[in-house]
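Take a look at the structure set out below.
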Amino acid sequence: MATDQAGSDASEGDAYEQFENRVRRISNVGNAAGILRWDQEVVMPDEGTPARAQQLSTLSSLSHELLTADETGQLLDALEDTALGDEQAAVVREIRRQYDRETSVPQELVEEISATASNAHPTWKQAREADDFEEFAPTLEKLVELKREYAAHIDPDADPYAVLFADYEPYIDLETAERVLERLREELVSLIDAIQDSDADLATDAFAGEFDDDDQEALARDVLGSLGYDWDRGRLDTAPHPFSSGTQFDARVTTRFDEEDLLGSITSTIHEFGHANYTLGLPDEGYGTPLGEARDLSVHESQSRLWENHVGRSRPFWEHFLPVARERFPSLEDVTPEEAYEAANQVYDDNLIRVEADELTYHLHIVIRFEIERDLIRGDLEVSEVPQVWNDKYEEYLGVRPETDTEGCLQDIHWSHGDFGYFPTYSLGSVLAAQLYAAAEDDRGPFDEEIREGEFDDLNGWLREHIHQHGKHFITPELIERATGEELTADYFLEYVESKYGDLYELEDY
């Protein structure tokens, strides 16, 4: 019997080793595609698109084939009743979920969605330039129809929007997301109304002027260096739409520069640092498996929002960083840290564009998109009604009304990609950022003095210990509860913004 048991253990070990080797191959194909996408956005020549499209398509097909192959299913089945360690079980859990979802959708439908989305992008772009939603409407109707069909294949008995939301946030259920977003809508509208009625005179022009791009890049490097970015495993470049990408061995940051918007380049760089810093904090030994991957979009966004808002928009940060900025831009000599802080936190009363929104009103932009796309997918809203509903919600929630489709429902690229369910993760990330920052301060004490001195190791160490090092070992609710002692809640975010903006805008009731 001892021999038989030993043989069984060896067989089980072999099965997991074969499985993990396959998982690493799939991961490496995806990571190679990531480098090609980075290259396409940053340095690829303009005429490189035809070849790059074929390269990315081939890698995408290869990754899909490896994941959905019979061999993957057989290995998963073989491990179903195998005694695994916690980390091994987590790897199997994550790949099983991906395998089940991808194999449940017919390949012909996947290809049709991909082709429709590819054709949708130029149609959306043309409609946006022509300020004509009706030009894009038939394509949007087709994408909505295809994504409903996609959701039905995965779970015919579930809310189709919940199925699509789970593509981006698999372990936070839609009910939780709805509860958080509805609370933000209910409580932020009144706060923003109070701010708009305030007589407070903030130094909104503290960063007015023209700022050379080369000097801005030097300052962006100062920002990254100050925060502790690992230059041996990263680099800074520019891109039309800032992003970060990579692995724990190579996590790259991009930003952009506008000669009239120095503050924008600083906050953008800090935001992307937060993403890259999370990636760099993933365990080296987990590379190639879910243990070395970030825990989905809401957690990833929490890291960028924590650094951008709780650090980069704080008074202590500007007390630390303004002298550095003055060295690059002597024109800031007369700007005080308090004025820089006020400029970094002004609330706009007439902004219609999500990507240009301030920290506070941003979330109502997200709520509007969430409510519209949810109703579209559920069949409670017709595509033809989108412009009217969009404009009405902007007027109700933000007190502004778009005059054109371009500054209204055609401003975002997401729906042209078929990315229904993506938008909520932005606000969920901000909510989680506030909860994590509060937990870190409760554990380590206030960080204000350390930030004022340009010391970020203690905060980063807490994030490494409680979030980064775990990769996808834990599902999202468990990760949040282990880090904070509570389930996801909007309490800390609302306390943070009410205190901060109540002080800035001298609001008696906040």
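Labels for the structure tokens follow display order: chains A, B, ..., residues from 1 in each chain, ligands from 1.
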Near A:Thr476, within 9 Å and counting only C-alpha atoms, which residues show up once chain neighbours fewer than 4 positions away are dropped, as JSON, numbers by chain? {"A": [169, 170, 171, 172, 295, 296, 298, 299, 472, 480, 481]}
Output the selection as a PDB file, in the first residue's frame - C-alpha atoms for each residue.
```
ATOM      1  CA  GLU A 169     -14.528  42.079 -11.581  1.00  0.00           C
ATOM      2  CA  PRO A 170     -15.125  38.350 -11.065  1.00  0.00           C
ATOM      3  CA  TYR A 171     -15.466  38.198  -7.300  1.00  0.00           C
ATOM      4  CA  ILE A 172     -17.268  41.403  -6.320  1.00  0.00           C
ATOM      5  CA  ARG A 295      -6.116  40.841  -8.361  1.00  0.00           C
ATOM      6  CA  ASP A 296      -8.398  42.280 -11.081  1.00  0.00           C
ATOM      7  CA  SER A 298     -10.916  47.280  -8.835  1.00  0.00           C
ATOM      8  CA  VAL A 299      -7.895  46.378  -6.722  1.00  0.00           C
ATOM      9  CA  LYS A 472      -4.507  36.258  -6.924  1.00  0.00           C
ATOM     10  CA  ILE A 480     -10.181  43.221   1.274  1.00  0.00           C
ATOM     11  CA  GLU A 481     -11.326  41.716   4.557  1.00  0.00           C
TER      12      GLU A 481
END
```
Excluding same-chain residues fewer than 5 positions from stretch 437-444 of chain A, what lies within 10 Å of it counting only C-alpha atoms, as a count of residues only? 21
Near-A:Asp77 list (12 Å; only C-alpha atoms; drop same-chain fewer than 4 positions) as a JSON list (two decimals) with N, CA and C atoms, in the first residue's frame:
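Saved to out10.json:
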```
[["chain", "number", "residue", "atom", "x", "y", "z"],
["A", 12, "GLU", "N", -0.09, 12.67, -8.83],
["A", 12, "GLU", "CA", -0.75, 13.94, -8.56],
["A", 12, "GLU", "C", 0.22, 15.10, -8.72],
["A", 15, "ALA", "N", 0.77, 15.73, -12.36],
["A", 15, "ALA", "CA", -0.38, 16.40, -12.97],
["A", 15, "ALA", "C", -0.34, 17.90, -12.70],
["A", 16, "TYR", "N", -0.03, 18.26, -11.45],
["A", 16, "TYR", "CA", 0.02, 19.70, -11.15],
["A", 16, "TYR", "C", 1.20, 20.35, -11.87],
["A", 19, "PHE", "N", 0.24, 20.89, -15.36],
["A", 19, "PHE", "CA", -0.75, 21.96, -15.40],
["A", 19, "PHE", "C", -0.08, 23.33, -15.26],
["A", 70, "ASP", "N", -8.35, 20.62, -25.10],
["A", 70, "ASP", "CA", -8.78, 19.45, -24.32],
["A", 70, "ASP", "C", -7.79, 19.12, -23.21],
["A", 71, "GLU", "N", -6.50, 19.28, -23.49],
["A", 71, "GLU", "CA", -5.48, 18.96, -22.50],
["A", 71, "GLU", "C", -5.64, 19.80, -21.24],
["A", 72, "THR", "N", -5.99, 21.09, -21.41],
["A", 72, "THR", "CA", -6.20, 21.94, -20.24],
["A", 72, "THR", "C", -7.36, 21.42, -19.42],
["A", 73, "GLY", "N", -8.46, 21.08, -20.09],
["A", 73, "GLY", "CA", -9.62, 20.55, -19.38],
["A", 73, "GLY", "C", -9.32, 19.25, -18.67],
["A", 81, "ASP", "N", -10.04, 16.42, -7.68],
["A", 81, "ASP", "CA", -10.13, 15.71, -6.40],
["A", 81, "ASP", "C", -8.75, 15.48, -5.78],
["A", 82, "THR", "N", -7.79, 16.28, -6.20],
["A", 82, "THR", "CA", -6.43, 16.13, -5.71],
["A", 82, "THR", "C", -6.21, 17.03, -4.49],
["A", 92, "VAL", "N", -5.42, 26.73, -9.57],
["A", 92, "VAL", "CA", -6.43, 25.91, -10.24],
["A", 92, "VAL", "C", -7.77, 26.65, -10.29],
["A", 93, "ARG", "N", -8.15, 27.29, -9.19],
["A", 93, "ARG", "CA", -9.41, 28.05, -9.14],
["A", 93, "ARG", "C", -9.47, 29.11, -10.23],
["A", 95, "ILE", "N", -7.65, 29.44, -13.06],
["A", 95, "ILE", "CA", -7.62, 28.92, -14.43],
["A", 95, "ILE", "C", -8.92, 28.19, -14.74],
["A", 96, "ARG", "N", -9.48, 27.50, -13.78],
["A", 96, "ARG", "CA", -10.76, 26.83, -14.00],
["A", 96, "ARG", "C", -11.83, 27.85, -14.38],
["A", 99, "TYR", "N", -11.18, 28.98, -17.92],
["A", 99, "TYR", "CA", -11.46, 27.88, -18.85],
["A", 99, "TYR", "C", -12.96, 27.69, -19.04],
["A", 100, "ASP", "N", -13.71, 27.67, -17.93],
["A", 100, "ASP", "CA", -15.15, 27.46, -18.02],
["A", 100, "ASP", "C", -15.84, 28.56, -18.81]]
```
Distance table requested - stretch 329-415 of chain A against stretch 256-270 of chain A, cut-off 12 Å, only C-alpha atoms: one row per qualifying residue with the closest atom pair and its distance in Å to one decimal, ordered by chain and rising residue number, as JSON lines.
```
{"residue": "A:Phe329", "atom": "CA", "partner": "A:Leu262", "partner_atom": "CA", "distance": 10.0}
{"residue": "A:Ser331", "atom": "CA", "partner": "A:Leu262", "partner_atom": "CA", "distance": 11.9}
{"residue": "A:Leu332", "atom": "CA", "partner": "A:Leu262", "partner_atom": "CA", "distance": 10.9}
{"residue": "A:Ala340", "atom": "CA", "partner": "A:Leu263", "partner_atom": "CA", "distance": 9.1}
{"residue": "A:Tyr341", "atom": "CA", "partner": "A:Leu263", "partner_atom": "CA", "distance": 10.6}
{"residue": "A:Glu342", "atom": "CA", "partner": "A:Leu263", "partner_atom": "CA", "distance": 11.6}
{"residue": "A:Ala343", "atom": "CA", "partner": "A:Leu263", "partner_atom": "CA", "distance": 8.4}
{"residue": "A:Ala344", "atom": "CA", "partner": "A:Leu263", "partner_atom": "CA", "distance": 7.1}
{"residue": "A:Asn345", "atom": "CA", "partner": "A:Leu263", "partner_atom": "CA", "distance": 10.6}
{"residue": "A:Gln346", "atom": "CA", "partner": "A:Leu263", "partner_atom": "CA", "distance": 11.7}
{"residue": "A:Val355", "atom": "CA", "partner": "A:Gly264", "partner_atom": "CA", "distance": 10.8}
{"residue": "A:Glu356", "atom": "CA", "partner": "A:Gly264", "partner_atom": "CA", "distance": 9.2}
{"residue": "A:Ala357", "atom": "CA", "partner": "A:Gly264", "partner_atom": "CA", "distance": 11.1}
{"residue": "A:Asp358", "atom": "CA", "partner": "A:Gly264", "partner_atom": "CA", "distance": 10.7}
{"residue": "A:Glu359", "atom": "CA", "partner": "A:Thr267", "partner_atom": "CA", "distance": 10.9}
```
Could those residues be written to a file, using C-alpha atoms, as a PDB file, in the first residue's frame?
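File written: again.pdb
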```pdb
ATOM      1  CA  PHE A 329      10.047  75.714 -13.046  1.00  0.00           C
ATOM      2  CA  SER A 331       7.910  80.531 -12.395  1.00  0.00           C
ATOM      3  CA  LEU A 332       6.320  78.654  -9.457  1.00  0.00           C
ATOM      4  CA  ALA A 340      -0.780  74.127  -4.909  1.00  0.00           C
ATOM      5  CA  TYR A 341      -2.983  71.937  -2.723  1.00  0.00           C
ATOM      6  CA  GLU A 342      -6.067  74.014  -3.533  1.00  0.00           C
ATOM      7  CA  ALA A 343      -5.327  73.932  -7.277  1.00  0.00           C
ATOM      8  CA  ALA A 344      -4.880  70.153  -7.177  1.00  0.00           C
ATOM      9  CA  ASN A 345      -8.280  69.725  -5.538  1.00  0.00           C
ATOM     10  CA  GLN A 346     -10.570  72.249  -7.208  1.00  0.00           C
ATOM     11  CA  VAL A 355     -11.279  62.151 -18.331  1.00  0.00           C
ATOM     12  CA  GLU A 356     -11.033  65.848 -17.413  1.00  0.00           C
ATOM     13  CA  ALA A 357     -13.121  65.548 -14.249  1.00  0.00           C
ATOM     14  CA  ASP A 358     -11.923  66.355 -10.745  1.00  0.00           C
ATOM     15  CA  GLU A 359     -11.572  63.736  -8.013  1.00  0.00           C
TER      16      GLU A 359
END
```
Taking 5 positions as the minimum chain separation for residues in the same chain, which residues sit within 9 Å of stretch 320-323 of chain A when counting only C-alpha atoms? Answer as a short mmCIF file (atom, residue, chain, number, x, y, z; two decimals) with N, CA and C atoms, in the first residue's frame.
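Saved the output as out_20.cif:
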```cif
data_model
loop_
_atom_site.label_atom_id
_atom_site.label_comp_id
_atom_site.auth_asym_id
_atom_site.auth_seq_id
_atom_site.Cartn_x
_atom_site.Cartn_y
_atom_site.Cartn_z
N VAL A 223 9.17 62.95 -9.82
CA VAL A 223 8.02 62.41 -9.09
C VAL A 223 8.20 60.91 -8.86
N SER A 226 10.99 60.13 -6.45
CA SER A 226 10.62 60.48 -5.08
C SER A 226 9.71 59.43 -4.45
N ARG A 315 -2.06 67.84 1.27
CA ARG A 315 -1.26 69.00 1.69
C ARG A 315 0.20 68.60 1.94
N LEU A 332 7.17 79.06 -10.58
CA LEU A 332 6.32 78.65 -9.46
C LEU A 332 6.84 79.20 -8.12
N GLU A 333 7.83 80.06 -8.18
CA GLU A 333 8.49 80.54 -6.96
C GLU A 333 7.51 81.16 -5.97
N VAL A 335 4.27 80.50 -5.71
CA VAL A 335 3.17 79.61 -5.35
C VAL A 335 3.46 78.96 -3.99
N THR A 336 2.49 78.97 -3.10
CA THR A 336 2.66 78.36 -1.79
C THR A 336 2.15 76.92 -1.82
N PRO A 337 2.60 76.08 -0.88
CA PRO A 337 2.07 74.71 -0.82
C PRO A 337 0.55 74.67 -0.68
N ALA A 340 -0.94 75.32 -4.07
CA ALA A 340 -0.78 74.13 -4.91
C ALA A 340 -1.80 73.06 -4.51
N ILE A 451 5.03 61.69 4.52
CA ILE A 451 4.83 62.23 3.18
C ILE A 451 5.47 63.61 3.07
N ARG A 452 5.31 64.41 4.11
CA ARG A 452 5.91 65.76 4.13
C ARG A 452 7.42 65.70 3.99
N GLU A 453 8.03 64.63 4.51
CA GLU A 453 9.47 64.45 4.42
C GLU A 453 9.89 63.66 3.18
N GLY A 454 8.93 63.29 2.34
CA GLY A 454 9.25 62.52 1.14
C GLY A 454 9.61 61.08 1.43
#
```
Could you pull out all residues of stretch 342-420 of chain A with a DSSP call of alpha helix (DSSP H) and give them as a ChimeraX atom specification? /A:342-344,362-378,386-398
Quick one: everything within 12 Å of stretch 399-411 of chain A, counting only C-alpha atoms, minus sequence neighbours fewer than 5 positions away in the same chain. Send it as a PyMOL selection string. chain A and resi 121+123-137+140+189-190+192-193+196+348-356+361+364-365+368-369+372-373+383-394+416
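The nearest approach to A:Ile467 among the residues A:Tyr510, A:Phe317, A:Tyr168, A:Tyr278, with only C-alpha atoms taken into account, belongs to A:Tyr278.
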